[in-house]
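Have a look at the structure below before the remarks.
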Amino acid sequence: QVSRLSPFSELAGRDLSGAANLSVNGQGVVGAQTFEATVEARTTNVSVSIDAVDALLDGVSDLSFTARRGIDKRFELQDLKYDGLGTIRLDGTVTGSSLEDAEVDGKLLVDVPNLAPLSGVAGRQMSGSVLANVDATGQVMQGPLTLRGNARTQDVVTGLDPLLTGRSDLQFDARRNADGLYTLSAFTYRGIGTITLDGTVTGTSLEDAAIDGRVQADLPRLAPLSGLAGREMSGA
């Protein structure tokens, strides 16, 4: 049991805080800093000085995974399970020498019943819930990343609120390049209507997103989009 993580900041190469109750079973070579282990942990208000990770580790979280570290000083995580603000399961691997260069390759299950605690990470007010199944390949924090999958949302607030009112189902194929530019393709939406994209949407955020292609929309009621359009709308 580690009541304070801050003394390990120098070893980790980043500011750490919070507490963790760890159970580790495995073997390793101390001098070479190589190991293989199965880890179970309950963390409390842990911070690793990475916004996206800190938001998930706020409060009490349960983690389990198998870990390996070779003589090349790169780690490999498998069978990652997280229960805290929601549930994350990875059927695949995370590899790298640190969080900054970590790469994922596998299938992700993400179930977040309340998005509000992630508002700071997203840089916008968020609420609602999401359940997603995603094939993920690439660099986690920055650089090339490919995400393909589907998601079911409920009353999500992100900036496209009228479209995500109530239950919505999404299918998508998204890529991020080395410069942080996202490209969304093969996109289908079913909620207050149906929207299908045959083309691409590119940008670094919703604010600078640009569409190139054909959009087919079937909206039985336009009234829910009045706020988004900035005027009263009706009809189909």
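Residue numbering restarts at 1 in every chain; chains get A, B, ... in the order shown in the structure tokens, and ligands count up from 1 in that same order.
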For this session: Please provide the set of residues having any atom within 9 Å of Leu219 of chain A, restricted to only C-alpha atoms, with same-chain residues fewer than 4 positions apart removed, written as a list in words.
Result: Ile192, Gly193, Thr194, Ile195, Gly235 and Ala236 of chain A
Exercise. Any idea what's packed within 6 Å of segment 112-123 of chain A, counting only C-alpha atoms, ignoring anything in its chain fewer than 4 positions away? Could you give it as a list in words?
Worked result: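 Contacts, in chain order: Ala52, Gly86, Ser127, Gly128, Ser129 and Val130 of chain A.
Near Asp169 of chain A, within 9 Å and counting only C-alpha atoms, sit A:Asn150, A:Ala151, A:Arg152, A:Thr153, A:Thr188, A:Tyr189, A:Arg190, A:Gly191, not including residues fewer than 5 positions from it in the same chain.
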Problem set entry | Closest of A:Leu181, A:Leu109, A:Leu16, A:Val2 to Ile50 of chain A - atom-to-atom distances counting only C-alpha atoms |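 Nearest to Ile50 of chain A: A:Leu16.
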Hey, what's within 12 Å of Gly28 of chain A if we count only C-alpha atoms and toss same-chain stuff fewer than 2 positions away? As a short mmCIF file (atom, residue, chain, number, x, y, z; two decimals) with N, CA, C and O atoms, in the first residue's frame, please?
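Generated output (selection-v4.cif):
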```cif
data_model
loop_
_atom_site.label_atom_id
_atom_site.label_comp_id
_atom_site.auth_asym_id
_atom_site.auth_seq_id
_atom_site.Cartn_x
_atom_site.Cartn_y
_atom_site.Cartn_z
N VAL A 24 0.94 -7.05 -6.72
CA VAL A 24 1.80 -7.35 -7.86
C VAL A 24 2.34 -8.77 -7.72
O VAL A 24 2.94 -9.12 -6.69
N ASN A 25 2.12 -9.57 -8.76
CA ASN A 25 2.67 -10.93 -8.80
C ASN A 25 3.48 -11.08 -10.08
O ASN A 25 2.98 -10.82 -11.17
N GLY A 26 4.76 -11.48 -9.94
CA GLY A 26 5.58 -11.64 -11.12
C GLY A 26 7.03 -11.85 -10.77
O GLY A 26 7.38 -12.21 -9.64
N VAL A 30 16.34 -6.89 -11.14
CA VAL A 30 16.44 -5.52 -10.61
C VAL A 30 17.47 -4.70 -11.37
O VAL A 30 17.22 -3.57 -11.80
N GLY A 31 18.66 -5.25 -11.58
CA GLY A 31 19.73 -4.49 -12.22
C GLY A 31 19.38 -4.08 -13.64
O GLY A 31 19.70 -2.97 -14.07
N ALA A 32 18.71 -4.97 -14.38
CA ALA A 32 18.34 -4.69 -15.77
C ALA A 32 17.03 -3.95 -15.88
O ALA A 32 16.66 -3.49 -16.97
N GLN A 33 16.32 -3.84 -14.75
CA GLN A 33 15.00 -3.19 -14.71
C GLN A 33 14.03 -3.83 -15.71
O GLN A 33 13.25 -3.16 -16.37
N THR A 34 14.11 -5.17 -15.82
CA THR A 34 13.17 -5.91 -16.64
C THR A 34 12.25 -6.70 -15.73
O THR A 34 12.64 -7.11 -14.63
N PHE A 35 11.00 -6.91 -16.19
CA PHE A 35 10.07 -7.65 -15.35
C PHE A 35 8.88 -8.14 -16.18
O PHE A 35 8.62 -7.67 -17.28
N GLU A 36 8.16 -9.10 -15.61
CA GLU A 36 6.86 -9.53 -16.07
C GLU A 36 5.99 -9.64 -14.83
O GLU A 36 6.39 -10.27 -13.85
N ALA A 37 4.79 -9.04 -14.88
CA ALA A 37 3.98 -9.00 -13.67
C ALA A 37 2.50 -8.85 -14.00
O ALA A 37 2.14 -8.32 -15.06
N THR A 38 1.69 -9.33 -13.08
CA THR A 38 0.25 -9.09 -13.11
C THR A 38 -0.05 -8.10 -11.99
O THR A 38 0.35 -8.32 -10.84
N ALA A 67 1.85 -6.76 -17.28
CA ALA A 67 2.87 -5.83 -17.77
C ALA A 67 4.20 -6.54 -17.97
O ALA A 67 4.56 -7.44 -17.19
N ARG A 68 4.92 -6.13 -19.02
CA ARG A 68 6.27 -6.62 -19.29
C ARG A 68 7.16 -5.43 -19.62
O ARG A 68 6.72 -4.47 -20.24
N ARG A 69 8.41 -5.52 -19.21
CA ARG A 69 9.40 -4.50 -19.58
C ARG A 69 10.67 -5.23 -19.98
O ARG A 69 11.22 -6.01 -19.19
N GLY A 70 11.11 -4.99 -21.21
CA GLY A 70 12.28 -5.69 -21.73
C GLY A 70 13.56 -4.90 -21.57
O GLY A 70 13.57 -3.78 -21.03
N ILE A 71 14.65 -5.47 -22.09
CA ILE A 71 15.95 -4.80 -21.97
C ILE A 71 16.00 -3.54 -22.81
O ILE A 71 16.89 -2.70 -22.63
#
```
Problem set entry | Who sits within 10 Å of Phe65 of chain A, only C-alpha atoms, same chain under 5 positions skipped, as a PyMOL selection string | chain A and resi 37-41+76-82+90
Could you give me, as a short mmCIF file (atom, residue, chain, number, x, y, z; two decimals) with C-alpha atoms, in the first residue's frame, each residue of segment 10-216 of chain A that DSSP assigns to strand (DSSP E or B) when run on this structure's backbone?
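Everything below was put into selection_25.cif:
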```cif
data_model
loop_
_atom_site.label_atom_id
_atom_site.label_comp_id
_atom_site.auth_asym_id
_atom_site.auth_seq_id
_atom_site.Cartn_x
_atom_site.Cartn_y
_atom_site.Cartn_z
CA SER A 17 0.19 12.53 -6.33
CA GLY A 18 -2.58 10.48 -4.74
CA ALA A 19 -2.53 7.01 -3.21
CA ALA A 20 -2.56 3.42 -4.47
CA ASN A 21 -3.16 -0.02 -2.99
CA LEU A 22 -1.21 -2.46 -5.17
CA SER A 23 -1.07 -6.21 -5.60
CA VAL A 24 1.80 -7.35 -7.86
CA ASN A 25 2.67 -10.93 -8.80
CA GLY A 26 5.58 -11.64 -11.12
CA GLN A 27 9.32 -11.75 -11.56
CA GLY A 28 12.09 -9.48 -12.77
CA VAL A 29 15.76 -8.57 -12.79
CA THR A 34 13.17 -5.91 -16.64
CA PHE A 35 10.07 -7.65 -15.35
CA GLU A 36 6.86 -9.53 -16.07
CA ALA A 37 3.98 -9.00 -13.67
CA THR A 38 0.25 -9.09 -13.11
CA VAL A 39 -0.93 -5.94 -11.38
CA GLU A 40 -4.14 -5.08 -9.54
CA ALA A 41 -4.52 -1.62 -8.05
CA ARG A 42 -7.06 0.57 -6.30
CA THR A 43 -6.11 4.22 -6.69
CA THR A 44 -7.44 7.30 -4.92
CA ASN A 45 -7.21 10.78 -6.46
CA VAL A 46 -4.14 9.87 -8.49
CA SER A 47 -2.51 12.47 -10.72
CA VAL A 60 -11.46 5.86 -6.53
CA SER A 61 -10.48 3.66 -9.49
CA ASP A 62 -9.73 -0.04 -9.91
CA LEU A 63 -7.11 -1.13 -12.44
CA SER A 64 -5.74 -4.49 -13.52
CA PHE A 65 -3.33 -5.50 -16.28
CA THR A 66 -0.36 -7.68 -17.14
CA ALA A 67 2.87 -5.83 -17.77
CA ARG A 68 6.27 -6.62 -19.29
CA ARG A 69 9.40 -4.50 -19.58
CA PHE A 75 6.82 -1.81 -21.67
CA GLU A 76 3.88 -3.84 -22.89
CA LEU A 77 0.49 -3.87 -21.17
CA GLN A 78 -2.19 -6.47 -21.89
CA ASP A 79 -5.65 -7.29 -20.55
CA LEU A 80 -6.14 -3.73 -19.32
CA LYS A 81 -9.26 -3.21 -17.21
CA TYR A 82 -10.38 0.08 -15.65
CA ASP A 83 -13.39 0.77 -13.43
CA THR A 87 -15.51 1.10 -17.56
CA ILE A 88 -12.70 0.55 -20.07
CA ARG A 89 -11.61 -2.83 -21.37
CA LEU A 90 -8.76 -3.39 -23.84
CA ASP A 91 -8.45 -6.63 -25.76
CA GLY A 92 -5.00 -5.93 -27.17
CA THR A 93 -1.79 -4.20 -26.14
CA VAL A 94 -0.36 -0.85 -25.10
CA THR A 95 3.38 -0.53 -25.73
CA GLY A 96 5.96 2.20 -25.31
CA GLU A 103 0.90 2.98 -28.76
CA VAL A 104 -2.35 1.00 -28.67
CA ASP A 105 -3.35 -1.93 -30.86
CA GLY A 106 -6.60 -3.70 -30.05
CA LYS A 107 -10.31 -3.53 -29.35
CA LEU A 108 -11.61 -1.06 -26.78
CA LEU A 109 -14.87 -1.18 -24.86
CA VAL A 110 -15.66 2.19 -23.29
CA ASP A 111 -18.73 2.72 -21.09
CA VAL A 112 -18.97 6.16 -19.47
CA SER A 127 -22.81 15.65 -20.12
CA GLY A 128 -24.73 12.50 -21.00
CA SER A 129 -23.41 8.97 -21.47
CA VAL A 130 -21.60 6.94 -24.11
CA LEU A 131 -21.05 3.24 -24.80
CA ALA A 132 -18.50 2.58 -27.54
CA ASN A 133 -16.76 -0.38 -29.17
CA VAL A 134 -13.66 0.75 -31.05
CA ASP A 135 -10.76 -0.83 -32.95
CA ALA A 136 -7.80 1.39 -32.07
CA THR A 137 -4.34 1.40 -33.69
CA GLY A 138 -1.63 4.01 -33.24
CA GLN A 139 -0.16 6.50 -30.80
CA LEU A 145 -4.03 7.08 -34.68
CA THR A 146 -6.86 5.13 -36.34
CA LEU A 147 -10.23 4.57 -34.66
CA ARG A 148 -13.00 2.48 -36.20
CA GLY A 149 -16.16 1.45 -34.44
CA ASN A 150 -19.57 2.35 -33.16
CA ALA A 151 -21.05 4.21 -30.23
CA ARG A 152 -24.41 4.61 -28.53
CA THR A 153 -24.97 7.92 -26.77
CA GLN A 154 -27.70 9.19 -24.46
CA ASP A 155 -28.47 12.92 -24.07
CA VAL A 156 -24.88 13.92 -24.82
CA VAL A 157 -23.89 17.61 -24.66
CA ARG A 167 -30.48 8.05 -27.85
CA SER A 168 -28.18 8.14 -30.87
CA ASP A 169 -26.21 5.45 -32.68
CA LEU A 170 -22.99 6.30 -34.51
CA GLN A 171 -20.67 4.37 -36.79
CA PHE A 172 -17.36 5.95 -37.75
CA ASP A 173 -13.89 5.63 -39.20
CA ALA A 174 -11.55 8.33 -37.87
CA ARG A 175 -7.84 8.98 -38.29
CA ARG A 176 -5.42 11.45 -36.71
CA TYR A 182 -8.42 14.44 -37.69
CA THR A 183 -10.19 12.93 -40.71
CA LEU A 184 -13.62 11.39 -40.25
CA SER A 185 -15.05 9.12 -42.95
CA ALA A 186 -17.58 6.31 -43.37
CA PHE A 187 -19.80 8.10 -40.86
CA THR A 188 -23.41 7.13 -40.12
CA TYR A 189 -25.73 8.72 -37.54
CA ARG A 190 -29.12 7.52 -36.36
CA THR A 194 -30.46 9.58 -40.22
CA ILE A 195 -27.28 11.16 -41.60
CA THR A 196 -24.76 9.38 -43.82
CA LEU A 197 -21.47 10.87 -45.00
CA ASP A 198 -19.89 9.73 -48.27
CA GLY A 199 -16.70 11.76 -48.06
CA THR A 200 -14.59 13.25 -45.28
CA VAL A 201 -14.71 15.74 -42.43
CA THR A 202 -11.29 17.12 -41.47
CA GLY A 203 -10.12 19.44 -38.73
CA ALA A 210 -14.43 21.11 -43.05
CA ILE A 211 -16.62 18.75 -45.11
CA ASP A 212 -15.66 17.37 -48.51
CA GLY A 213 -18.19 14.93 -49.96
CA ARG A 214 -21.86 14.06 -50.11
CA VAL A 215 -24.12 14.14 -47.05
CA GLN A 216 -27.45 12.34 -47.16
#
```
Problem set entry | Å distance separating atom CA of Asp101 of chain A from atom CA of Val140 of chain A, one decimal place |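 These atoms are spaced 7.4 Å apart.
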For this session: Please provide the set of residues having any atom within 9 Å of Ala178 of chain A, restricted to only C-alpha atoms, with same-chain residues fewer than 5 positions apart removed, written as a PyMOL selection string.
Result: chain A and resi 142-145
For this session: Identify which of the residues A:Asp54, A:Ser97, A:Arg74, A:Leu163 lies closest to Gly13 of chain A, counting only C-alpha atoms when measuring atom-to-atom distances.
Result: A:Ser97
Problem set entry | Coordinates-based distance that separates atom CA of Glu232 of chain A from atom CA of Ser205 of chain A (Å, one decimal) | 26.5 Å
Exercise. When DSSP works through the backbone of this structure, what residues of chain A end up as helix (DSSP H, G or I), shown as a ChimeraX atom specification?
Worked result: /A:6-12,51-56,116-122,161-164,223-229
For this session: Quick one: pull the distance between atom CA of Leu85 of chain A and atom CA of Leu56 of chain A, Å, one decimal.
Result: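 So the two atoms, atom CA of Leu85 of chain A and atom CA of Leu56 of chain A, lie 6.3 Å apart.
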For this session: Go through A:Leu164, A:Ala217, A:Ala209, A:Met141 and flag the residue nearest Met126 of chain A, using only C-alpha atoms for the distances.
Result: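 When distances to Met126 of chain A are compared using only C-alpha atoms, the smallest one comes from A:Leu164.
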